[in-house]
Amino acid sequence: MTRKKPITIKFGKLGKHKADGLAYVEKRKIVIDMRLSGVELLETILHEIAHVQQPDLSEEAVLEYSKETAEILWKIGYHLTDSRVLPRNKQNENRIER
């Protein structure tokens with residue numbers, strides 16, 4: 001079995017895209033709006049990863065999975081706090097590439 005390329009995660013401002021996150025299935029890359037926080041950030045990361053890992057899933061199935069999984073993880077104390085993972089200033093802002 002061939003090992004798949006890891007999914008890369010970038011952060012940037014997605015206002016013009018009118019989306020909290022974007023998934024580029026063929027590139028195995030996701031982009032997350034850097035202004036998100038809390039359980040909304042966790043849910044969006046899970047949502048976009050699901051699109052890359054399971055591109056045949058319906059949007060409804062992806063929404064159900066990401067919302068329920070984020071709520072469970074949040075309730076048991078999984079919170080993103082590592083500044084190396086979450087850029088919070090313009091200096092760390094990543095450009096969105098297609």
# chains A, B, ... in the order shown; residues from 1 in each chain; ligands from 1
$ residues_around --residues "Ile7 in chain A" --least-positions-apart "6" --cutoff "9 Å" --atoms "only C-alpha atoms" --output "PyMOL selection string"
chain A and resi 27-30+49+52-53
$ select_by_dssp --residues "chain A" --states "strand (DSSP E)" --output "ChimeraX atom specification"
/A:8-12,21-24,29-33
$ closest_residue --among "A:Ile9, A:Leu80, A:Ala23, A:Leu63" --to "Leu41 in chain A" --atoms "only C-alpha atoms"
A:Leu80
$ residues_around --residues "Leu42 in chain A" --least-positions-apart "6" --cutoff "12 Å" --atoms "only C-alpha atoms" --output "PyMOL selection string"
chain A and resi 20-21+32-34+36+48-49+66-75+77-81+86
$ residues_around --residues "Val62 in chain A" --least-positions-apart "2" --cutoff "10 Å" --atoms "only C-alpha atoms" --output "count of residues only"
17
$ decode --residues "range 4-22 of chain A" --atoms "N, CA and C atoms" --output "PDB file, in the first residue's frame"
ATOM      1  N   LYS A   4       0.098   7.813   1.695  1.00  0.00           N
ATOM      2  CA  LYS A   4      -0.399   9.080   1.164  1.00  0.00           C
ATOM      3  C   LYS A   4       0.423  10.241   1.708  1.00  0.00           C
ATOM      4  N   LYS A   5       0.477  11.291   0.919  1.00  0.00           N
ATOM      5  CA  LYS A   5       1.122  12.533   1.333  1.00  0.00           C
ATOM      6  C   LYS A   5       0.348  13.095   2.539  1.00  0.00           C
ATOM      7  N   PRO A   6       1.034  13.621   3.550  1.00  0.00           N
ATOM      8  CA  PRO A   6       0.326  14.196   4.708  1.00  0.00           C
ATOM      9  C   PRO A   6      -0.544  15.389   4.285  1.00  0.00           C
ATOM     10  N   ILE A   7      -1.618  15.599   5.011  1.00  0.00           N
ATOM     11  CA  ILE A   7      -2.467  16.764   4.769  1.00  0.00           C
ATOM     12  C   ILE A   7      -1.771  17.968   5.380  1.00  0.00           C
ATOM     13  N   THR A   8      -1.601  19.021   4.583  1.00  0.00           N
ATOM     14  CA  THR A   8      -1.007  20.247   5.115  1.00  0.00           C
ATOM     15  C   THR A   8      -2.123  21.216   5.487  1.00  0.00           C
ATOM     16  N   ILE A   9      -1.876  21.967   6.559  1.00  0.00           N
ATOM     17  CA  ILE A   9      -2.846  22.947   7.044  1.00  0.00           C
ATOM     18  C   ILE A   9      -2.199  24.316   7.006  1.00  0.00           C
ATOM     19  N   LYS A  10      -2.872  25.245   6.364  1.00  0.00           N
ATOM     20  CA  LYS A  10      -2.436  26.646   6.320  1.00  0.00           C
ATOM     21  C   LYS A  10      -3.523  27.494   6.956  1.00  0.00           C
ATOM     22  N   PHE A  11      -3.144  28.649   7.455  1.00  0.00           N
ATOM     23  CA  PHE A  11      -4.089  29.598   8.027  1.00  0.00           C
ATOM     24  C   PHE A  11      -4.002  30.901   7.255  1.00  0.00           C
ATOM     25  N   GLY A  12      -5.125  31.541   7.047  1.00  0.00           N
ATOM     26  CA  GLY A  12      -5.174  32.820   6.355  1.00  0.00           C
ATOM     27  C   GLY A  12      -6.549  33.435   6.505  1.00  0.00           C
ATOM     28  N   LYS A  13      -6.723  34.610   5.984  1.00  0.00           N
ATOM     29  CA  LYS A  13      -8.031  35.270   6.016  1.00  0.00           C
ATOM     30  C   LYS A  13      -8.823  34.826   4.794  1.00  0.00           C
ATOM     31  N   LEU A  14     -10.004  34.287   5.039  1.00  0.00           N
ATOM     32  CA  LEU A  14     -10.826  33.744   3.955  1.00  0.00           C
ATOM     33  C   LEU A  14     -12.078  34.578   3.695  1.00  0.00           C
ATOM     34  N   GLY A  15     -12.102  35.808   4.139  1.00  0.00           N
ATOM     35  CA  GLY A  15     -13.282  36.658   3.976  1.00  0.00           C
ATOM     36  C   GLY A  15     -13.817  36.705   2.565  1.00  0.00           C
ATOM     37  N   LYS A  16     -12.944  36.880   1.582  1.00  0.00           N
ATOM     38  CA  LYS A  16     -13.418  36.987   0.197  1.00  0.00           C
ATOM     39  C   LYS A  16     -13.963  35.664  -0.329  1.00  0.00           C
ATOM     40  N   HIS A  17     -13.595  34.565   0.314  1.00  0.00           N
ATOM     41  CA  HIS A  17     -14.091  33.251  -0.086  1.00  0.00           C
ATOM     42  C   HIS A  17     -15.434  32.935   0.568  1.00  0.00           C
ATOM     43  N   LYS A  18     -15.803  33.754   1.558  1.00  0.00           N
ATOM     44  CA  LYS A  18     -17.034  33.531   2.321  1.00  0.00           C
ATOM     45  C   LYS A  18     -17.086  32.100   2.862  1.00  0.00           C
ATOM     46  N   ALA A  19     -15.973  31.670   3.441  1.00  0.00           N
ATOM     47  CA  ALA A  19     -15.866  30.317   3.989  1.00  0.00           C
ATOM     48  C   ALA A  19     -14.982  30.347   5.229  1.00  0.00           C
ATOM     49  N   ASP A  20     -15.231  29.410   6.121  1.00  0.00           N
ATOM     50  CA  ASP A  20     -14.371  29.253   7.299  1.00  0.00           C
ATOM     51  C   ASP A  20     -13.157  28.400   6.975  1.00  0.00           C
ATOM     52  N   GLY A  21     -13.285  27.567   5.937  1.00  0.00           N
ATOM     53  CA  GLY A  21     -12.194  26.706   5.533  1.00  0.00           C
ATOM     54  C   GLY A  21     -12.346  26.267   4.091  1.00  0.00           C
ATOM     55  N   LEU A  22     -11.237  25.857   3.500  1.00  0.00           N
ATOM     56  CA  LEU A  22     -11.227  25.365   2.128  1.00  0.00           C
ATOM     57  C   LEU A  22     -10.421  24.079   2.088  1.00  0.00           C
TER      58      LEU A  22
END
